[in-house]
>>> print(open('coords-v2.txt').read())   # compact mmCIF, C-alpha atoms
# COMPACT_ATOMS: atom_id res chain seq x y z
CA ALA S 1 0.00 0.00 0.00
CA GLY S 2 1.16 3.53 -0.69
CA LEU S 3 -0.23 7.06 -0.67
CA VAL S 4 0.04 9.26 -3.76
CA VAL S 5 1.30 12.63 -2.52
CA ASP S 6 2.10 14.26 -5.88
CA ALA S 7 0.40 12.83 -8.96
CA GLU S 8 2.11 15.26 -11.36
CA LYS S 9 5.58 14.24 -10.18
CA GLY S 10 4.53 10.60 -9.68
CA LEU S 11 5.49 10.47 -5.99
CA ILE S 12 4.13 7.98 -3.49
CA LEU S 13 4.72 7.85 0.25
CA GLU S 14 5.62 4.26 1.10
CA ALA S 15 6.80 2.05 3.91
CA VAL S 16 8.66 -0.36 1.65
CA MET S 17 10.30 -3.07 3.77
CA LEU S 18 11.89 -4.02 7.06
CA GLY S 19 15.11 -2.14 7.69
CA THR S 20 13.99 0.99 5.85
CA ASN S 21 12.12 4.14 6.78
CA THR S 22 9.10 5.60 5.02
CA LYS S 23 10.07 7.65 2.01
CA LEU S 24 8.83 9.21 -1.18
CA CYS S 25 9.17 6.78 -4.08
CA SER S 26 8.54 7.03 -7.79
CA ILE S 27 5.33 5.57 -9.10
CA SER S 28 7.45 3.77 -11.70
CA GLY S 29 8.38 1.23 -9.01
CA TRP S 30 4.79 0.00 -9.01
CA GLU S 31 5.13 -0.97 -12.69
CA LYS S 32 7.28 -3.93 -11.57
CA TYR S 33 4.60 -5.46 -9.32
CA PRO S 34 2.67 -8.43 -10.77
CA SER S 35 -0.60 -6.92 -9.57
CA PHE S 36 -1.90 -3.72 -8.04
CA LEU S 37 -5.04 -1.67 -7.50
CA VAL S 38 -5.38 2.09 -7.66
CA LEU S 39 -8.03 3.28 -5.24
CA ARG S 40 -9.53 6.65 -4.42
CA ILE S 41 -12.12 8.08 -2.11
CA LYS S 42 -15.62 7.53 -3.48
CA GLU S 43 -17.26 10.64 -4.88
CA GLU S 44 -19.95 10.57 -2.19
CA PHE S 45 -17.26 11.15 0.46
CA GLN S 46 -15.06 13.64 -1.41
CA ASN S 47 -17.06 16.67 -0.31
CA MET S 48 -17.48 15.44 3.27
CA TYR S 49 -13.77 15.31 4.09
CA GLU S 50 -10.81 17.55 3.37
CA ILE S 51 -8.77 14.93 1.54
CA GLU S 52 -5.91 17.34 0.80
CA LYS S 53 -5.27 17.33 4.56
CA VAL S 54 -4.34 13.64 4.29
CA VAL S 55 -1.49 14.42 1.90
CA SER S 56 -0.40 17.49 3.82
CA PHE S 57 -0.30 15.57 7.10
CA ALA S 58 1.55 12.66 5.48
CA GLU S 59 4.22 14.86 3.91
CA GLN S 60 4.80 16.75 7.15
CA ASN S 61 4.60 13.88 9.65
CA LEU S 62 4.98 10.47 8.04
CA LEU S 63 8.34 10.62 6.29
CA ASP S 64 11.39 8.84 7.69
CA ILE S 65 9.39 6.58 10.05
CA PRO S 66 10.99 3.14 10.67
CA TYR S 67 9.27 0.14 9.13
CA GLN S 68 7.67 -1.93 11.86
CA LEU S 69 5.72 -5.00 10.80
CA HIS S 70 3.52 -5.06 13.90
CA ALA S 71 2.59 -1.37 13.89
CA GLY S 72 -1.03 -0.76 14.76
CA ILE S 73 -1.75 -3.94 16.66
CA TRP S 74 -4.49 -3.27 19.20
CA GLY S 75 -3.15 -1.98 22.49
CA ARG S 76 0.29 -1.43 20.98
CA MET S 77 -0.50 1.19 18.36
CA PRO S 78 2.93 2.77 18.04
CA GLY S 79 2.98 6.47 18.13
CA LEU S 80 -0.16 7.14 20.04
CA PHE S 81 1.02 9.17 23.02
CA GLU S 82 4.33 10.32 24.35
CA LYS S 83 3.03 12.43 27.19
CA GLU S 84 1.32 11.10 30.28
CA TYR S 85 -2.47 11.08 30.44
CA SER S 86 -4.89 10.49 33.28
CA GLY S 87 -6.63 7.11 33.52
CA GLU S 88 -9.77 8.48 31.89
CA GLU S 89 -7.80 10.06 29.05
CA LYS S 90 -5.88 6.81 28.49
CA GLU S 91 -9.16 4.92 28.22
CA GLN S 92 -10.47 7.43 25.68
CA LYS S 93 -7.28 7.14 23.65
CA SER S 94 -7.41 3.33 23.66
CA GLN S 95 -10.79 3.59 21.94
CA SER S 96 -9.30 5.60 19.04
CA ARG S 97 -10.21 3.00 16.40
CA LYS S 98 -13.79 2.42 17.56
CA MET S 99 -16.76 4.18 16.09
CA GLN S 100 -18.55 6.48 18.53
CA ASP S 101 -21.83 8.09 17.45
CA GLY S 102 -20.81 7.77 13.80
CA GLU S 103 -17.51 9.61 14.26
CA LEU S 104 -14.04 8.26 14.91
CA ALA S 105 -12.42 9.25 18.16
CA GLN S 106 -9.49 11.61 17.80
CA ILE S 107 -5.97 10.23 17.53
CA ALA S 108 -3.39 11.81 19.77
CA GLU S 109 -0.86 14.08 18.15
CA ARG S 110 2.51 12.41 18.20
CA ALA S 111 4.94 11.11 15.67
CA LEU S 112 4.76 7.39 14.96
CA SER S 113 7.57 5.22 16.25
CA GLY S 114 6.99 2.66 13.50
CA THR S 115 4.67 1.80 10.64
CA HIS S 116 4.16 -0.53 7.66
CA CYS S 117 2.64 -0.06 4.22
CA ALA S 118 -1.05 -0.36 5.06
CA HIS S 119 -0.70 1.22 8.50
CA VAL S 120 0.86 4.43 7.16
CA VAL S 121 -1.99 4.89 4.67
CA TRP S 122 -4.60 4.05 7.31
CA TYR S 123 -2.99 6.43 9.80
CA ALA S 124 -2.97 9.37 7.36
CA TYR S 125 -6.67 8.95 6.61
CA GLN S 126 -7.57 8.27 10.24
CA ARG S 127 -6.31 11.77 11.01
CA ILE S 128 -9.28 13.26 9.13
CA GLY S 129 -11.83 10.79 10.47
CA ILE S 130 -11.81 8.12 7.76
CA ASP S 131 -11.14 4.59 9.03
CA LEU S 132 -9.96 2.59 6.01
CA ASP S 133 -9.71 -0.61 8.07
CA SER S 134 -12.67 -2.48 6.59
CA ASP S 135 -12.80 -5.21 9.23
CA GLY S 136 -11.78 -3.17 12.28
CA GLY S 137 -9.34 -5.91 13.25
CA LEU S 138 -6.17 -5.79 15.26
CA PHE S 139 -3.95 -5.21 12.24
CA VAL S 140 -4.53 -3.09 9.13
CA THR S 141 -3.64 -4.86 5.89
CA PRO S 142 -3.70 -3.85 2.21
CA TYR S 143 -6.69 -6.20 1.89
CA ASP S 144 -8.53 -4.24 4.61
CA ILE S 145 -7.91 -1.00 2.73
CA GLN S 146 -8.91 -2.58 -0.60
CA ASN S 147 -12.27 -3.51 0.93
CA SER S 148 -12.94 -0.17 2.61
CA SER S 149 -16.41 1.19 1.96
CA TYR S 150 -14.83 4.64 1.53
CA LEU S 151 -12.79 3.64 -1.52
CA GLU S 152 -13.41 2.65 -5.11
CA VAL S 153 -11.16 0.94 -7.63
CA ILE S 154 -10.11 3.19 -10.49
CA GLN S 155 -7.47 0.87 -11.98
CA SER S 156 -6.72 -2.81 -11.58
CA TYR S 157 -3.74 -4.74 -12.93
CA GLY S 158 -3.22 -8.45 -12.48
CA TYR S 159 -6.39 -9.06 -10.45
>>> encode(input="coords-v2.txt", output="structure tokens")
Amino acid sequence: AGLVVDAEKGLILEAVMLGTNTKLCSISGWEKYPSFLVLRIKEEFQNMYEIEKVVSFAEQNLLDIPYQLHAGIWGRMPGLFEKEYSGEEKEQKSQSRKMQDGELAQIAERALSGTHCAHVVWYAYQRIGIDLDSDGGLFVTPYDIQNSSYLEVIQSYGY
């Protein structure tokens, strides 16, 4: 999974593999994959959310983050709070991925300590209130994002 941050220049924010940090990569790298999907926010949601904030946040906060395969596992979501919180605040923060009255709870503002390909995309969108994790499980995968009700396929290769 990757996040297009500059379509004109063909730049994608990616968490590529263990031992590397997130970085901007050329879209040409995706031409070597045996299969891929290009997804975008469905039209019905485009006016409800400020999608450009996803890219802005990602460019400012999600570059040079170490790859961590287990990022985002429930109860161990890396990067969710450096400072100390009261017991009540901690409980509220632990609910960050649950739906509450139709809105996602806010994520604390802190740099991630680790991420992986699907997690970095999920995290960027979560910041504006879109949970791309289609099954709400313990771990966000490319498959979860592919099946998100917020997204539609605009190109498919090898599927």
>>> residues_around(input="coords-v2.txt", residues="segment 113-130 of chain S", least_positions_apart="4", cutoff="6 Å", atoms="only C-alpha atoms", output="ChimeraX atom specification")
/S:1,15,54,58,65-69,71,78-79,104,140-142
>>> residues_around(input="coords-v2.txt", residues="Tyr157 of chain S", least_positions_apart="6", cutoff="8 Å", atoms="all atoms listed in the file", output="list in words")
Pro34, Ser35, Phe36 and Leu37 of chain S
>>> closest_residue(input="coords-v2.txt", among="S:Leu132, S:Leu112, S:Leu63, S:Ile145", to="Thr20 of chain S", atoms="only C-alpha atoms")
S:Leu63
>>> atom_distance(input="coords-v2.txt", atom1="atom CA of Ser26 of chain S", atom2="atom CA of Gly10 of chain S")
5.7 Å
>>> atom_distance(input="coords-v2.txt", atom1="atom CA of Tyr150 of chain S", atom2="atom CA of Arg40 of chain S")
8.2 Å
>>> atom_distance(input="coords-v2.txt", atom1="atom CA of Ile51 of chain S", atom2="atom CA of Gln146 of chain S")
17.6 Å
>>> closest_residue(input="coords-v2.txt", among="S:Ala7, S:Cys25, S:Leu18, S:Leu151", to="His70 of chain S", atoms="all atoms listed in the file")
S:Leu18
>>> residues_around(input="coords-v2.txt", residues="Asp6 of chain S", least_positions_apart="2", cutoff="12 Å", atoms="all atoms listed in the file", output="list in words")
Gly2, Leu3, Val4, Glu8, Lys9, Gly10, Leu11, Ile12, Leu13, Leu24, Cys25, Ser26, Ile27, Glu52, Val55, Ser56, Ala58 and Glu59 of chain S
>>> closest_residue(input="coords-v2.txt", among="S:Val38, S:Met17, S:Tyr33, S:Gln60", to="Gln155 of chain S", atoms="all atoms listed in the file")
S:Val38
>>> closest_residue(input="coords-v2.txt", among="S:Glu152, S:Glu14, S:Trp30, S:Thr22", to="Gln46 of chain S", atoms="all atoms listed in the file")
S:Glu152
>>> closest_residue(input="coords-v2.txt", among="S:Val16, S:Val5, S:Met48, S:Ile41", to="Asp64 of chain S", atoms="all atoms listed in the file")
S:Val16
>>> closest_residue(input="coords-v2.txt", among="S:Asn21, S:Phe57, S:Lys42, S:Gly72", to="Ser149 of chain S", atoms="all atoms listed in the file")
S:Lys42
>>> decode(input="coords-v2.txt", residues="segment 48-59 of chain S", atoms="all heavy atoms", output="PDB file, in the first residue's frame")
ATOM      1  N   MET S  48     -17.279  15.520   1.820  1.00  0.00           N
ATOM      2  CA  MET S  48     -17.481  15.441   3.266  1.00  0.00           C
ATOM      3  C   MET S  48     -16.179  15.600   4.046  1.00  0.00           C
ATOM      4  O   MET S  48     -16.196  15.947   5.214  1.00  0.00           O
ATOM      5  CB  MET S  48     -18.116  14.091   3.629  1.00  0.00           C
ATOM      6  CG  MET S  48     -19.498  13.897   3.044  1.00  0.00           C
ATOM      7  SD  MET S  48     -20.107  12.203   3.273  1.00  0.00           S
ATOM      8  CE  MET S  48     -20.184  12.098   5.044  1.00  0.00           C
ATOM      9  N   TYR S  49     -15.059  15.303   3.402  1.00  0.00           N
ATOM     10  CA  TYR S  49     -13.767  15.315   4.086  1.00  0.00           C
ATOM     11  C   TYR S  49     -12.777  16.172   3.306  1.00  0.00           C
ATOM     12  O   TYR S  49     -12.858  16.274   2.093  1.00  0.00           O
ATOM     13  CB  TYR S  49     -13.208  13.890   4.193  1.00  0.00           C
ATOM     14  CG  TYR S  49     -14.088  12.977   5.005  1.00  0.00           C
ATOM     15  CD1 TYR S  49     -15.011  12.141   4.391  1.00  0.00           C
ATOM     16  CD2 TYR S  49     -13.997  12.957   6.391  1.00  0.00           C
ATOM     17  CE1 TYR S  49     -15.813  11.295   5.137  1.00  0.00           C
ATOM     18  CE2 TYR S  49     -14.800  12.119   7.147  1.00  0.00           C
ATOM     19  CZ  TYR S  49     -15.710  11.293   6.509  1.00  0.00           C
ATOM     20  OH  TYR S  49     -16.505  10.471   7.250  1.00  0.00           O
ATOM     21  N   GLU S  50     -11.849  16.754   4.007  1.00  0.00           N
ATOM     22  CA  GLU S  50     -10.808  17.550   3.371  1.00  0.00           C
ATOM     23  C   GLU S  50      -9.632  16.631   3.061  1.00  0.00           C
ATOM     24  O   GLU S  50      -8.665  16.547   3.813  1.00  0.00           O
ATOM     25  CB  GLU S  50     -10.400  18.698   4.285  1.00  0.00           C
ATOM     26  CG  GLU S  50     -11.548  19.668   4.539  1.00  0.00           C
ATOM     27  CD  GLU S  50     -11.125  20.799   5.448  1.00  0.00           C
ATOM     28  OE1 GLU S  50     -10.192  21.543   5.069  1.00  0.00           O
ATOM     29  OE2 GLU S  50     -11.713  20.919   6.534  1.00  0.00           O
ATOM     30  N   ILE S  51      -9.738  15.948   1.922  1.00  0.00           N
ATOM     31  CA  ILE S  51      -8.768  14.929   1.539  1.00  0.00           C
ATOM     32  C   ILE S  51      -7.361  15.504   1.394  1.00  0.00           C
ATOM     33  O   ILE S  51      -6.380  14.839   1.712  1.00  0.00           O
ATOM     34  CB  ILE S  51      -9.206  14.220   0.234  1.00  0.00           C
ATOM     35  CG1 ILE S  51     -10.589  13.583   0.409  1.00  0.00           C
ATOM     36  CG2 ILE S  51      -8.178  13.196  -0.204  1.00  0.00           C
ATOM     37  CD1 ILE S  51     -10.704  12.596   1.540  1.00  0.00           C
ATOM     38  N   GLU S  52      -7.246  16.742   0.949  1.00  0.00           N
ATOM     39  CA  GLU S  52      -5.911  17.336   0.805  1.00  0.00           C
ATOM     40  C   GLU S  52      -5.166  17.395   2.141  1.00  0.00           C
ATOM     41  O   GLU S  52      -3.944  17.412   2.182  1.00  0.00           O
ATOM     42  CB  GLU S  52      -5.959  18.722   0.149  1.00  0.00           C
ATOM     43  CG  GLU S  52      -6.841  19.741   0.821  1.00  0.00           C
ATOM     44  CD  GLU S  52      -8.333  19.633   0.504  1.00  0.00           C
ATOM     45  OE1 GLU S  52      -8.725  18.930  -0.445  1.00  0.00           O
ATOM     46  OE2 GLU S  52      -9.117  20.254   1.244  1.00  0.00           O
ATOM     47  N   LYS S  53      -5.909  17.357   3.243  1.00  0.00           N
ATOM     48  CA  LYS S  53      -5.267  17.332   4.559  1.00  0.00           C
ATOM     49  C   LYS S  53      -4.540  16.009   4.801  1.00  0.00           C
ATOM     50  O   LYS S  53      -3.577  15.959   5.559  1.00  0.00           O
ATOM     51  CB  LYS S  53      -6.284  17.575   5.673  1.00  0.00           C
ATOM     52  CG  LYS S  53      -6.727  19.016   5.769  1.00  0.00           C
ATOM     53  CD  LYS S  53      -7.607  19.230   6.975  1.00  0.00           C
ATOM     54  CE  LYS S  53      -7.942  20.703   7.123  1.00  0.00           C
ATOM     55  NZ  LYS S  53      -8.742  20.973   8.312  1.00  0.00           N
ATOM     56  N   VAL S  54      -4.996  14.941   4.167  1.00  0.00           N
ATOM     57  CA  VAL S  54      -4.335  13.643   4.289  1.00  0.00           C
ATOM     58  C   VAL S  54      -2.921  13.751   3.746  1.00  0.00           C
ATOM     59  O   VAL S  54      -1.952  13.365   4.400  1.00  0.00           O
ATOM     60  CB  VAL S  54      -5.118  12.535   3.538  1.00  0.00           C
ATOM     61  CG1 VAL S  54      -4.331  11.232   3.506  1.00  0.00           C
ATOM     62  CG2 VAL S  54      -6.477  12.336   4.150  1.00  0.00           C
ATOM     63  N   VAL S  55      -2.804  14.288   2.541  1.00  0.00           N
ATOM     64  CA  VAL S  55      -1.494  14.424   1.897  1.00  0.00           C
ATOM     65  C   VAL S  55      -0.614  15.391   2.665  1.00  0.00           C
ATOM     66  O   VAL S  55       0.557  15.118   2.925  1.00  0.00           O
ATOM     67  CB  VAL S  55      -1.651  14.868   0.423  1.00  0.00           C
ATOM     68  CG1 VAL S  55      -0.302  15.210  -0.190  1.00  0.00           C
ATOM     69  CG2 VAL S  55      -2.346  13.775  -0.375  1.00  0.00           C
ATOM     70  N   SER S  56      -1.164  16.503   3.064  1.00  0.00           N
ATOM     71  CA  SER S  56      -0.399  17.494   3.817  1.00  0.00           C
ATOM     72  C   SER S  56       0.136  16.892   5.116  1.00  0.00           C
ATOM     73  O   SER S  56       1.322  17.038   5.442  1.00  0.00           O
ATOM     74  CB  SER S  56      -1.269  18.713   4.110  1.00  0.00           C
ATOM     75  OG  SER S  56      -0.579  19.641   4.890  1.00  0.00           O
ATOM     76  N   PHE S  57      -0.727  16.207   5.860  1.00  0.00           N
ATOM     77  CA  PHE S  57      -0.297  15.571   7.101  1.00  0.00           C
ATOM     78  C   PHE S  57       0.794  14.539   6.823  1.00  0.00           C
ATOM     79  O   PHE S  57       1.804  14.483   7.532  1.00  0.00           O
ATOM     80  CB  PHE S  57      -1.477  14.911   7.817  1.00  0.00           C
ATOM     81  CG  PHE S  57      -1.055  14.121   9.016  1.00  0.00           C
ATOM     82  CD1 PHE S  57      -0.771  14.753  10.217  1.00  0.00           C
ATOM     83  CD2 PHE S  57      -0.912  12.742   8.939  1.00  0.00           C
ATOM     84  CE1 PHE S  57      -0.355  14.031  11.323  1.00  0.00           C
ATOM     85  CE2 PHE S  57      -0.501  12.011  10.039  1.00  0.00           C
ATOM     86  CZ  PHE S  57      -0.217  12.659  11.236  1.00  0.00           C
ATOM     87  N   ALA S  58       0.588  13.712   5.804  1.00  0.00           N
ATOM     88  CA  ALA S  58       1.548  12.656   5.482  1.00  0.00           C
ATOM     89  C   ALA S  58       2.917  13.232   5.137  1.00  0.00           C
ATOM     90  O   ALA S  58       3.936  12.753   5.626  1.00  0.00           O
ATOM     91  CB  ALA S  58       1.020  11.802   4.337  1.00  0.00           C
ATOM     92  N   GLU S  59       2.938  14.256   4.308  1.00  0.00           N
ATOM     93  CA  GLU S  59       4.217  14.859   3.908  1.00  0.00           C
ATOM     94  C   GLU S  59       4.940  15.488   5.094  1.00  0.00           C
ATOM     95  O   GLU S  59       6.164  15.455   5.168  1.00  0.00           O
ATOM     96  CB  GLU S  59       4.005  15.905   2.818  1.00  0.00           C
ATOM     97  CG  GLU S  59       3.628  15.309   1.486  1.00  0.00           C
ATOM     98  CD  GLU S  59       3.381  16.365   0.429  1.00  0.00           C
ATOM     99  OE1 GLU S  59       2.677  17.366   0.714  1.00  0.00           O
ATOM    100  OE2 GLU S  59       3.889  16.187  -0.685  1.00  0.00           O
TER     101      GLU S  59
END
